[in-house]
$ cat entry.cif   # mmCIF, C-alpha atoms
data_start
#
loop_
_atom_site.label_atom_id
_atom_site.label_comp_id
_atom_site.auth_asym_id
_atom_site.auth_seq_id
_atom_site.Cartn_x
_atom_site.Cartn_y
_atom_site.Cartn_z
CA MET A 1 -87.29 103.87 73.25
CA LYS A 2 -88.42 103.52 76.86
CA LYS A 3 -87.60 100.82 79.39
CA ASP A 4 -90.69 98.66 78.93
CA GLU A 5 -90.40 98.52 75.17
CA TYR A 6 -86.68 97.79 75.40
CA LEU A 7 -87.16 94.89 77.82
CA LYS A 8 -90.02 93.51 75.73
CA ARG A 9 -87.91 93.60 72.60
CA LEU A 10 -84.98 92.00 74.40
CA ALA A 11 -87.21 89.19 75.71
CA GLY A 12 -88.62 88.68 72.19
CA GLU A 13 -85.16 88.52 70.63
CA LEU A 14 -83.93 86.08 73.26
CA GLN A 15 -86.96 83.84 72.81
CA ARG A 16 -86.58 83.93 69.02
CA ARG A 17 -83.07 82.57 69.42
CA GLY A 18 -84.22 79.79 71.74
CA ILE A 19 -82.15 81.00 74.70
CA LYS A 20 -82.88 79.54 78.13
CA ASP A 21 -83.72 81.52 81.26
CA VAL A 22 -85.09 84.50 79.36
CA GLN A 23 -86.73 85.77 82.53
CA ASP A 24 -83.46 85.61 84.44
CA ILE A 25 -81.65 87.57 81.77
CA VAL A 26 -84.39 90.19 81.46
CA ALA A 27 -84.47 90.54 85.25
CA GLU A 28 -80.78 91.44 85.20
CA TYR A 29 -81.43 94.24 82.70
CA GLN A 30 -84.44 95.31 84.71
CA GLN A 31 -82.14 95.72 87.67
CA HIS A 32 -79.74 97.70 85.53
CA PHE A 33 -82.58 100.11 84.80
CA ALA A 34 -83.46 100.24 88.50
CA PHE A 35 -79.89 101.15 89.48
CA LYS A 36 -79.76 103.84 86.80
CA GLU A 37 -83.14 105.17 87.84
CA ALA A 38 -81.87 105.50 91.39
CA GLU A 39 -79.04 107.64 90.01
CA GLY A 40 -81.56 109.80 88.15
CA VAL A 41 -80.58 108.75 84.62
CA PRO A 42 -83.48 109.03 82.15
CA GLU A 43 -84.70 105.77 80.59
CA GLU A 44 -83.86 106.86 77.03
CA GLU A 45 -80.26 107.46 77.99
CA VAL A 46 -79.97 104.07 79.69
CA VAL A 47 -81.38 102.42 76.57
CA ALA A 48 -78.92 104.26 74.33
CA LYS A 49 -75.96 103.14 76.43
CA LEU A 50 -77.03 99.51 76.85
CA GLY A 51 -76.81 98.61 73.17
CA ALA A 52 -79.44 97.27 70.77
CA PRO A 53 -81.54 94.34 72.06
CA GLU A 54 -80.81 92.39 68.85
CA THR A 55 -77.05 92.75 69.37
CA LEU A 56 -77.24 91.71 73.01
CA ALA A 57 -79.49 88.75 72.26
CA ALA A 58 -76.99 87.63 69.63
CA GLN A 59 -74.25 87.78 72.24
CA PHE A 60 -76.29 85.58 74.55
CA ALA A 61 -76.90 83.19 71.68
CA ALA A 62 -73.17 82.86 71.04
CA GLU A 63 -72.88 81.13 74.38
CA PRO A 64 -74.54 77.71 74.53
CA GLY A 65 -75.80 77.38 78.07
CA ARG A 66 -75.38 73.97 79.63
CA SER A 67 -78.44 72.16 80.79
CA PRO A 68 -78.40 68.73 82.37
CA GLY A 69 -80.44 66.21 80.38
CA GLY A 70 -83.85 65.10 81.65
CA LEU A 71 -82.79 61.71 83.02
CA LYS A 72 -79.58 63.02 84.54
CA ARG A 73 -81.58 65.85 86.05
CA ALA A 74 -84.10 63.46 87.61
CA GLY A 75 -81.23 61.43 89.07
CA ALA A 76 -79.61 64.54 90.46
CA LEU A 77 -82.89 65.62 92.03
CA ALA A 78 -83.47 62.18 93.60
CA GLY A 79 -79.94 62.27 95.00
CA LEU A 80 -80.59 65.72 96.35
CA GLY A 81 -83.80 64.48 97.99
CA ILE A 82 -81.83 61.92 100.01
CA LEU A 83 -79.08 64.43 100.76
CA GLY A 84 -81.73 66.93 101.78
CA ALA A 85 -83.40 64.50 104.17
CA LEU A 86 -80.04 63.65 105.76
CA SER A 87 -79.17 67.32 106.05
CA TRP A 88 -82.42 68.10 107.80
CA ILE A 89 -81.85 65.22 110.22
CA ALA A 90 -78.48 66.79 111.02
CA VAL A 91 -80.17 70.16 111.52
CA ALA A 92 -82.81 68.60 113.80
CA ALA A 93 -80.06 66.85 115.80
CA THR A 94 -78.32 70.16 116.45
CA TRP A 95 -81.59 71.70 117.62
CA ILE A 96 -82.28 68.77 119.95
CA GLY A 97 -78.73 69.05 121.27
CA ALA A 98 -79.21 72.76 121.88
CA ILE A 99 -82.47 72.20 123.75
CA GLY A 100 -80.80 69.45 125.81
CA LEU A 101 -78.02 71.84 126.69
CA LEU A 102 -80.56 74.45 127.78
CA PHE A 103 -82.24 72.03 130.17
CA ALA A 104 -78.90 70.77 131.48
CA GLY A 105 -77.94 74.36 132.21
CA LEU A 106 -81.22 75.18 133.96
CA GLY A 107 -81.05 71.92 135.94
CA SER A 108 -77.52 72.57 137.13
CA LEU A 109 -78.39 76.10 138.12
CA LEU A 110 -81.44 75.00 140.08
CA GLY A 111 -79.62 72.07 141.68
CA GLY A 112 -76.75 74.30 142.67
CA VAL A 113 -79.02 76.85 144.36
CA VAL A 114 -80.86 74.11 146.26
CA LEU A 115 -77.66 72.40 147.38
CA ALA A 116 -75.87 75.60 148.38
CA PHE A 117 -78.65 77.54 150.05
CA GLY A 118 -81.73 75.41 150.61
CA ARG A 119 -80.47 72.04 151.74
CA GLU A 120 -82.27 72.00 155.08
CA PHE A 121 -85.57 72.82 153.45
CA PHE A 122 -85.34 70.60 150.37
CA ILE A 123 -83.95 67.58 152.17
CA GLN A 124 -87.56 66.82 153.16
CA LEU A 125 -88.71 66.90 149.53
CA ALA A 126 -85.88 65.21 147.70
CA HIS A 127 -83.13 62.77 148.51
CA ILE A 128 -79.92 64.71 149.02
CA PRO A 129 -76.97 62.50 149.94
CA TYR A 130 -75.18 63.20 153.18
CA MET A 131 -72.42 65.76 153.21
CA PRO A 132 -71.14 68.35 155.60
CA ALA A 133 -72.42 71.92 155.24
CA ALA A 134 -69.12 73.21 153.83
CA SER A 135 -69.11 70.54 151.11
CA ALA A 136 -72.73 71.25 150.27
CA LEU A 137 -72.06 74.96 149.90
CA LEU A 138 -69.01 74.39 147.67
CA PHE A 139 -70.62 71.70 145.54
CA GLY A 140 -73.72 73.86 145.26
CA LEU A 141 -71.72 76.87 144.09
CA ALA A 142 -69.80 74.69 141.62
CA LEU A 143 -73.08 73.40 140.19
CA LEU A 144 -74.47 76.91 140.07
CA PHE A 145 -71.50 78.17 138.06
CA LEU A 146 -71.65 75.12 135.81
CA GLY A 147 -75.29 75.94 135.11
CA LEU A 148 -74.42 79.56 134.36
CA PHE A 149 -71.65 78.44 132.02
CA LEU A 150 -73.96 76.06 130.17
CA LEU A 151 -76.57 78.78 129.76
CA LEU A 152 -74.01 81.30 128.47
CA ALA A 153 -72.58 78.68 126.11
CA TRP A 154 -76.10 77.82 125.05
CA ARG A 155 -76.52 81.28 123.51
CA HIS A 156 -73.66 80.50 121.13
CA VAL A 157 -74.93 77.04 120.36
CA TRP A 158 -78.40 78.38 119.64
CA ARG A 159 -77.04 81.02 117.25
CA GLY A 160 -74.86 78.36 115.68
CA CYS A 161 -77.94 76.23 115.10
CA ILE A 162 -79.70 79.12 113.37
CA ARG A 163 -76.69 79.75 111.14
CA PHE A 164 -76.27 76.06 110.40
CA GLN A 165 -79.91 75.71 109.37
CA ALA A 166 -79.68 78.81 107.16
CA MET A 167 -76.52 77.48 105.55
CA ILE A 168 -77.93 74.01 104.88
CA GLY A 169 -81.18 75.50 103.58
CA GLY A 170 -79.34 77.90 101.29
CA ARG A 171 -77.02 75.23 99.90
CA LEU A 172 -79.91 72.88 99.24
CA LYS A 173 -81.98 75.56 97.55
CA ASN A 174 -79.03 76.36 95.36
CA ALA A 175 -78.25 72.74 94.54
CA ILE A 176 -81.86 72.01 93.65
CA ALA A 177 -82.02 75.09 91.43
CA ALA A 178 -78.79 74.06 89.71
CA ALA A 179 -80.04 70.50 89.16
CA ARG A 180 -83.16 71.89 87.56
CA GLY A 181 -80.92 73.95 85.30
CA ARG A 182 -82.15 77.24 86.64
CA THR A 183 -80.22 79.97 88.31
CA GLU A 184 -77.31 79.05 90.52
CA ALA A 185 -78.13 81.37 93.35
CA VAL A 186 -76.55 80.54 96.64
CA PHE A 187 -78.22 82.42 99.41
CA HIS A 188 -75.28 83.65 101.39
CA SER A 189 -76.00 84.86 104.83
CA ARG A 190 -73.56 87.51 105.85
CA ARG A 191 -71.76 86.63 109.04
CA PRO A 192 -73.30 88.77 111.72
CA GLN A 193 -70.74 91.16 113.12
CA ALA A 194 -69.82 90.65 116.72
CA ALA A 195 -71.73 93.08 118.87
CA ALA A 196 -69.86 95.22 121.36
CA GLY A 197 -71.37 93.36 124.32
CA SER A 198 -70.56 89.93 122.91
CA ARG A 199 -66.86 90.05 123.79
CA LEU A 200 -67.67 90.95 127.37
CA ARG A 201 -70.13 88.05 127.50
CA ASN A 202 -67.40 85.74 126.18
CA HIS A 203 -65.05 86.80 128.95
CA LEU A 204 -67.87 86.32 131.43
CA MET A 205 -68.51 82.81 130.08
CA TRP A 206 -64.90 81.70 130.56
CA GLY A 207 -64.77 83.40 133.94
CA VAL A 208 -67.82 81.46 135.03
CA LEU A 209 -66.22 78.21 133.80
CA ALA A 210 -63.10 79.02 135.82
CA ALA A 211 -65.28 79.67 138.91
CA PHE A 212 -66.92 76.27 138.40
CA LEU A 213 -63.54 74.55 138.27
CA VAL A 214 -62.28 76.39 141.35
CA PHE A 215 -65.39 75.58 143.42
CA ALA A 216 -65.50 71.98 142.22
CA LEU A 217 -61.86 71.50 143.18
CA ALA A 218 -62.38 73.21 146.55
CA ALA A 219 -65.45 71.04 147.20
CA MET A 220 -63.43 67.89 146.50
CA VAL A 221 -60.58 68.96 148.74
CA VAL A 222 -62.88 69.95 151.61
CA SER A 223 -64.89 66.73 151.25
CA VAL A 224 -61.80 64.53 151.21
CA LYS A 225 -60.51 66.30 154.31
CA ASN A 226 -63.87 66.01 156.04
CA ALA A 227 -64.41 62.37 155.19
CA GLY A 228 -60.85 61.58 156.13
CA GLY A 229 -59.97 59.83 152.87
CA MET A 230 -60.79 58.93 149.30
CA PRO A 231 -63.18 58.17 147.88
CA PHE A 232 -65.31 60.29 150.16
CA TRP A 233 -68.54 59.25 148.38
CA HIS A 234 -67.94 55.67 149.53
CA ILE A 235 -67.24 56.81 153.02
CA TRP A 236 -70.45 58.83 153.08
CA GLY A 237 -72.39 55.96 151.54
CA TRP A 238 -73.45 57.68 148.32
CA PHE A 239 -74.73 55.79 145.29
CA GLY A 240 -75.81 52.85 147.43
CA TYR A 241 -72.39 52.06 148.87
CA ASP A 242 -72.47 50.70 152.42
CA GLY A 243 -70.17 53.24 153.94
CA PRO A 244 -69.62 53.67 157.63
CA LEU A 245 -71.98 56.65 157.65
CA LYS A 246 -74.85 55.04 155.73
CA GLY A 247 -78.13 56.36 156.96
CA VAL A 248 -76.71 59.34 158.79
CA MET B 1 -62.61 98.48 67.63
CA ASN B 2 -63.57 95.03 66.40
CA SER B 3 -66.29 93.87 68.79
CA GLN B 4 -65.31 90.21 68.65
CA TYR B 5 -61.77 91.10 69.59
CA LYS B 6 -62.90 93.41 72.35
CA LYS B 7 -65.16 90.75 73.82
CA GLY B 8 -62.23 88.45 74.52
CA VAL B 9 -60.37 91.24 76.25
CA LEU B 10 -63.46 92.22 78.23
CA GLU B 11 -63.70 88.67 79.57
CA LEU B 12 -60.18 89.08 80.87
CA CYS B 13 -61.09 92.44 82.42
CA VAL B 14 -64.08 90.91 84.21
CA LEU B 15 -61.91 88.08 85.57
CA SER B 16 -59.36 90.63 86.71
CA LEU B 17 -61.99 92.58 88.67
CA LEU B 18 -63.36 89.43 90.28
CA ARG B 19 -59.88 88.36 91.31
CA ARG B 20 -59.99 91.11 93.95
CA ARG B 21 -63.46 90.53 95.40
CA ASP B 22 -67.03 89.56 94.51
CA TRP B 23 -68.87 92.07 92.36
CA TYR B 24 -72.50 92.37 91.27
CA GLY B 25 -73.33 92.73 87.59
CA TYR B 26 -74.27 96.40 87.55
CA GLU B 27 -71.13 97.31 89.45
CA ILE B 28 -68.95 95.57 86.85
CA SER B 29 -70.85 97.24 84.01
CA GLU B 30 -70.40 100.67 85.60
CA TYR B 31 -66.72 100.19 86.34
CA LEU B 32 -65.79 98.89 82.90
CA SER B 33 -67.83 101.46 81.00
CA ARG B 34 -66.04 104.19 82.91
CA HIS B 35 -62.67 102.89 81.70
CA ILE B 36 -63.42 101.30 78.34
CA HIS B 37 -65.80 102.46 75.65
CA LEU B 38 -68.45 99.74 75.42
CA ALA B 39 -72.17 99.17 75.24
CA GLU B 40 -73.05 98.77 78.90
CA GLY B 41 -75.34 95.82 78.20
CA THR B 42 -72.53 93.62 76.88
CA VAL B 43 -71.22 92.86 80.34
CA TYR B 44 -74.21 90.62 81.13
CA PRO B 45 -73.73 88.14 78.26
CA ILE B 46 -70.05 87.97 79.19
CA LEU B 47 -70.88 87.17 82.81
CA ARG B 48 -73.31 84.51 81.68
CA LYS B 49 -70.76 82.95 79.35
CA LEU B 50 -68.08 82.86 82.04
CA LYS B 51 -70.59 81.33 84.44
CA GLY B 52 -71.53 78.71 81.84
CA GLU B 53 -67.85 77.79 81.49
CA GLY B 54 -67.60 77.31 85.25
CA LEU B 55 -65.22 80.23 85.74
CA LEU B 56 -67.69 82.10 87.94
CA THR B 57 -70.38 81.24 90.44
CA VAL B 58 -73.37 83.38 91.28
CA TYR B 59 -75.10 84.02 94.57
CA LEU B 60 -77.85 86.34 95.67
CA GLN B 61 -77.29 88.63 98.59
CA GLU B 62 -80.05 90.48 100.33
CA GLU B 63 -79.55 94.21 100.39
CA SER B 64 -81.35 96.57 102.73
CA GLY B 65 -83.92 98.47 100.73
CA GLY B 66 -83.85 96.77 97.35
CA PRO B 67 -84.01 93.48 95.54
CA PRO B 68 -81.27 90.91 96.27
CA ARG B 69 -78.13 91.54 94.23
CA LYS B 70 -76.59 88.89 92.05
CA TYR B 71 -72.97 88.65 93.05
CA TYR B 72 -70.34 86.93 90.92
CA SER B 73 -67.43 85.10 92.45
CA LEU B 74 -64.30 83.65 90.80
CA THR B 75 -63.89 79.86 90.95
CA GLY B 76 -60.59 77.98 91.04
CA ARG B 77 -60.93 77.37 87.31
CA GLY B 78 -61.69 81.06 86.83
CA TRP B 79 -58.49 81.93 88.62
CA GLU B 80 -56.50 79.56 86.37
CA ALA B 81 -58.17 81.01 83.28
CA TYR B 82 -57.33 84.52 84.44
CA LYS B 83 -53.66 83.69 84.96
CA ALA B 84 -53.37 82.03 81.56
CA GLY B 85 -55.35 84.77 79.78
CA ARG B 86 -53.33 87.50 81.42
CA ALA B 87 -49.97 86.01 80.37
CA GLU B 88 -51.27 85.43 76.86
CA TYR B 89 -52.64 88.94 76.52
CA LEU B 90 -49.56 90.69 77.88
CA GLY B 91 -47.27 88.67 75.61
CA PHE B 92 -49.45 89.44 72.61
CA ALA B 93 -49.73 93.14 73.49
CA ARG B 94 -45.96 93.42 73.90
CA ALA B 95 -45.34 91.78 70.52
CA VAL B 96 -47.86 94.06 68.81
CA GLN B 97 -46.39 97.12 70.41
CA ALA B 98 -42.88 96.17 69.36
CA LEU B 99 -44.10 95.58 65.83
CA LEU B 100 -45.91 98.90 65.62
CA GLU B 101 -43.01 100.84 67.05
CA GLU B 102 -40.64 99.16 64.58
CA GLU B 103 -42.80 100.56 61.78
CA GLU B 104 -42.60 104.04 63.30
CA ASN B 105 -38.80 103.83 63.47
CA GLU B 106 -38.62 102.90 59.81
CA LYS B 107 -40.64 105.96 58.93
CA GLY B 108 -38.66 108.26 61.17
#

$ encode --input "entry.cif" --output "structure tokens"
Amino acid sequence: MKKDEYLKRLAGELQRRGIKDVQDIVAEYQQHFAFKEAEGVPEEEVVAKLGAPETLAAQFAAEPGRSPGGLKRAGALAGLGILGALSWIAVAATWIGAIGLLFAGLGSLLGGVVLAFGREFFIQLAHIPYMPAASALLFGLALLFLGLFLLLAWRHVWRGCIRFQAMIGGRLKNAIAAARGRTEAVFHSRRPQAAAGSRLRNHLMWGVLAAFLVFALAAMVVSVKNAGGMPFWHIWGWFGYDGPLKGV
Amino acid sequence: MNSQYKKGVLELCVLSLLRRRDWYGYEISEYLSRHIHLAEGTVYPILRKLKGEGLLTVYLQEESGGPPRKYYSLTGRGWEAYKAGRAEYLGFARAVQALLEEEENEKG
């Protein structure tokens, strides 16, 4: 007997016994043939070793498969619909968060460059509050590093979003299939292995965060010294405060 | 060997393999048929039965160059069933062995 005839007979025997998911079962045997074929085993030999289709079908029949009743199934599917909608809202929220983070990072980077290196030029285009040159340079550098950190962190968040969506999608697909009484296939996504460059990038990310903290702290110290007290932003009349230097 | 009897033992063997890691159906069939004389096709009804009893879960995993493989994974209940089945089998096997050896001693 060859493969096709064997599978046909198996399907017939399974159907005759009223067994569910005949296609699923036959597909598993089909794969068995495929694996054997890859090893170069002739079809007749595979058939001989598998056992008679009647015997196998009887073994499947000995096991009553569970199937949720129609009403229960409908309820489960409705529940899954709501769960699914909520899950996709969560997925959308993570994407929106990730996009927000991207823009925050770009904004900080741009703002930092302007403040540190282009204050004289941009002061004509945009309102930049008064501060001494040293403060501007330090605050600018701090912002620049903050932007870099956000962008480096964004890479992780973005990948996390992709994984999260794949996970939610896979779980839902599986749950819906199970509720319909079909296969219970969870689509597992293998965790991507950390690339060689990714550890270096991680170090870089934390280094950049440290640089932000250092520059931010230095900017505060220099500003406090320059303004001659705290809070220097009041003294320099930022945020609408009427400081002694308002309008300078 | 009595096929009904063997089937119960094969269930235990499958659980024992899955205790270590997740396996796909063909892999289990190959491994067991190398160690135990059996019709290779019988592994699939056993897997299905164990899945139906909630002792295993199934997931598909994409493989490079080929259809996705159906992997089987032991559940908490499967683990409990394995522990209980193992103790039961070993106790039974020990008793049978003692009985059979007793018979040999009588002869000798």

$ closest_residue --input "entry.cif" --among "A:Pro132, A:Glu39, A:Thr55, A:Glu5" --to "chain B" --atoms "only C-alpha atoms"
A:Thr55

$ closest_residue --input "entry.cif" --among "B:Glu103, B:Asp22, B:Glu53, B:Glu11" --to "Leu74 in chain B" --atoms "only C-alpha atoms"
B:Asp22

$ interface_residues --input "entry.cif" --of "chain B" --to "chain A" --cutoff "6 Å" --atoms "only C-alpha atoms" --output "PyMOL selection string"
chain B and resi 26+39-41+45+49+52+58-60

$ resolve_selection --input "entry.cif" --expression "the PyMOL selection byres ((chain B and resi 20) around 12)" --output "number ranges by chain"
B: 13-19, 21-23, 72-74, 79, 82

$ atom_distance --input "entry.cif" --atom1 "CA of Gly79 in chain A" --atom2 "CA of Thr94 in chain A"
22.9 Å

$ atom_distance --input "entry.cif" --atom1 "CA of Ala76 in chain A" --atom2 "CA of Leu172 in chain A"
12.1 Å

$ atom_distance --input "entry.cif" --atom1 "CA of Gly118 in chain A" --atom2 "CA of Ala136 in chain A"
9.9 Å

$ residues_around --input "entry.cif" --residues "Met131 in chain A" --least-positions-apart "5" --cutoff "10 Å" --atoms "all atoms listed in the file" --output "number ranges by chain"
A: 136-137, 139, 223, 226-227, 232-233, 236-238, 248

$ resolve_selection --input "entry.cif" --expression "the PyMOL selection byres ((chain A and resi 205-215) around 12)" --output "number ranges by chain"
A: 108-109, 112, 116, 134-156, 198-204, 216-223

$ resolve_selection --input "entry.cif" --expression "the PyMOL selection byres ((chain A and resi 87) around 12)" --output "ChimeraX atom specification"
/A:80-86,88-94,164-172

$ closest_residue --input "entry.cif" --among "A:Glu37, A:Trp95, A:Ala74, A:Glu54" --to "Arg9 in chain A" --atoms "only C-alpha atoms"
A:Glu54

$ closest_residue --input "entry.cif" --among "B:Gly8, B:Ser64, B:Gly85, B:Gly78" --to "Lys51 in chain B" --atoms "all atoms listed in the file"
B:Gly78

$ decode --input "entry.cif" --residues "range 104-164 of chain A" --atoms "C-alpha atoms" --output "PDB file, in the first residue's frame"
ATOM      1  CA  ALA A 104       9.655  62.777  22.841  1.00  0.00           C
ATOM      2  CA  GLY A 105      13.112  61.459  22.023  1.00  0.00           C
ATOM      3  CA  LEU A 106      13.377  63.362  18.743  1.00  0.00           C
ATOM      4  CA  GLY A 107      12.063  66.537  20.403  1.00  0.00           C
ATOM      5  CA  SER A 108      14.561  66.355  23.229  1.00  0.00           C
ATOM      6  CA  LEU A 109      17.399  65.735  20.826  1.00  0.00           C
ATOM      7  CA  LEU A 110      16.433  68.669  18.633  1.00  0.00           C
ATOM      8  CA  GLY A 111      15.800  70.959  21.611  1.00  0.00           C
ATOM      9  CA  GLY A 112      19.122  70.023  23.117  1.00  0.00           C
ATOM     10  CA  VAL A 113      21.052  70.807  19.931  1.00  0.00           C
ATOM     11  CA  VAL A 114      19.298  74.166  19.564  1.00  0.00           C
ATOM     12  CA  LEU A 115      19.869  75.132  23.193  1.00  0.00           C
ATOM     13  CA  ALA A 116      23.498  74.016  23.307  1.00  0.00           C
ATOM     14  CA  PHE A 117      24.760  75.196  19.940  1.00  0.00           C
ATOM     15  CA  GLY A 118      22.257  77.447  18.197  1.00  0.00           C
ATOM     16  CA  ARG A 119      20.836  79.685  20.876  1.00  0.00           C
ATOM     17  CA  GLU A 120      21.887  82.973  19.311  1.00  0.00           C
ATOM     18  CA  PHE A 121      20.339  82.033  16.004  1.00  0.00           C
ATOM     19  CA  PHE A 122      17.121  80.422  17.231  1.00  0.00           C
ATOM     20  CA  ILE A 123      16.362  83.028  19.868  1.00  0.00           C
ATOM     21  CA  GLN A 124      14.908  85.120  17.024  1.00  0.00           C
ATOM     22  CA  LEU A 125      12.579  82.307  15.954  1.00  0.00           C
ATOM     23  CA  ALA A 126      11.439  80.854  19.252  1.00  0.00           C
ATOM     24  CA  HIS A 127      11.121  82.013  22.820  1.00  0.00           C
ATOM     25  CA  ILE A 128      14.102  80.718  24.762  1.00  0.00           C
ATOM     26  CA  PRO A 129      14.092  81.815  28.402  1.00  0.00           C
ATOM     27  CA  TYR A 130      17.051  83.773  29.667  1.00  0.00           C
ATOM     28  CA  MET A 131      20.061  81.899  30.924  1.00  0.00           C
ATOM     29  CA  PRO A 132      23.791  82.373  30.862  1.00  0.00           C
ATOM     30  CA  ALA A 133      25.760  80.693  28.075  1.00  0.00           C
ATOM     31  CA  ALA A 134      27.273  78.073  30.398  1.00  0.00           C
ATOM     32  CA  SER A 135      23.819  77.034  31.639  1.00  0.00           C
ATOM     33  CA  ALA A 136      22.478  76.896  28.100  1.00  0.00           C
ATOM     34  CA  LEU A 137      25.325  74.648  26.976  1.00  0.00           C
ATOM     35  CA  LEU A 138      24.901  72.280  29.939  1.00  0.00           C
ATOM     36  CA  PHE A 139      21.115  72.153  29.760  1.00  0.00           C
ATOM     37  CA  GLY A 140      21.371  71.668  26.006  1.00  0.00           C
ATOM     38  CA  LEU A 141      23.781  68.756  26.388  1.00  0.00           C
ATOM     39  CA  ALA A 142      21.569  67.225  29.093  1.00  0.00           C
ATOM     40  CA  LEU A 143      18.556  67.441  26.785  1.00  0.00           C
ATOM     41  CA  LEU A 144      20.581  66.025  23.923  1.00  0.00           C
ATOM     42  CA  PHE A 145      21.611  62.992  25.966  1.00  0.00           C
ATOM     43  CA  LEU A 146      18.063  62.578  27.251  1.00  0.00           C
ATOM     44  CA  GLY A 147      16.882  62.499  23.644  1.00  0.00           C
ATOM     45  CA  LEU A 148      19.531  59.935  22.739  1.00  0.00           C
ATOM     46  CA  PHE A 149      18.523  57.796  25.709  1.00  0.00           C
ATOM     47  CA  LEU A 150      14.848  57.939  24.761  1.00  0.00           C
ATOM     48  CA  LEU A 151      15.640  56.951  21.190  1.00  0.00           C
ATOM     49  CA  LEU A 152      17.834  54.031  22.284  1.00  0.00           C
ATOM     50  CA  ALA A 153      15.178  52.928  24.764  1.00  0.00           C
ATOM     51  CA  TRP A 154      12.590  53.311  22.038  1.00  0.00           C
ATOM     52  CA  ARG A 155      14.193  50.472  20.069  1.00  0.00           C
ATOM     53  CA  HIS A 156      13.452  48.127  22.963  1.00  0.00           C
ATOM     54  CA  VAL A 157       9.951  49.428  23.442  1.00  0.00           C
ATOM     55  CA  TRP A 158       9.211  49.051  19.740  1.00  0.00           C
ATOM     56  CA  ARG A 159      10.444  45.444  19.717  1.00  0.00           C
ATOM     57  CA  GLY A 160       8.465  44.827  22.885  1.00  0.00           C
ATOM     58  CA  CYS A 161       5.350  46.118  21.136  1.00  0.00           C
ATOM     59  CA  ILE A 162       5.901  43.723  18.241  1.00  0.00           C
ATOM     60  CA  ARG A 163       6.361  40.789  20.614  1.00  0.00           C
ATOM     61  CA  PHE A 164       3.360  41.815  22.693  1.00  0.00           C
TER      62      PHE A 164
END
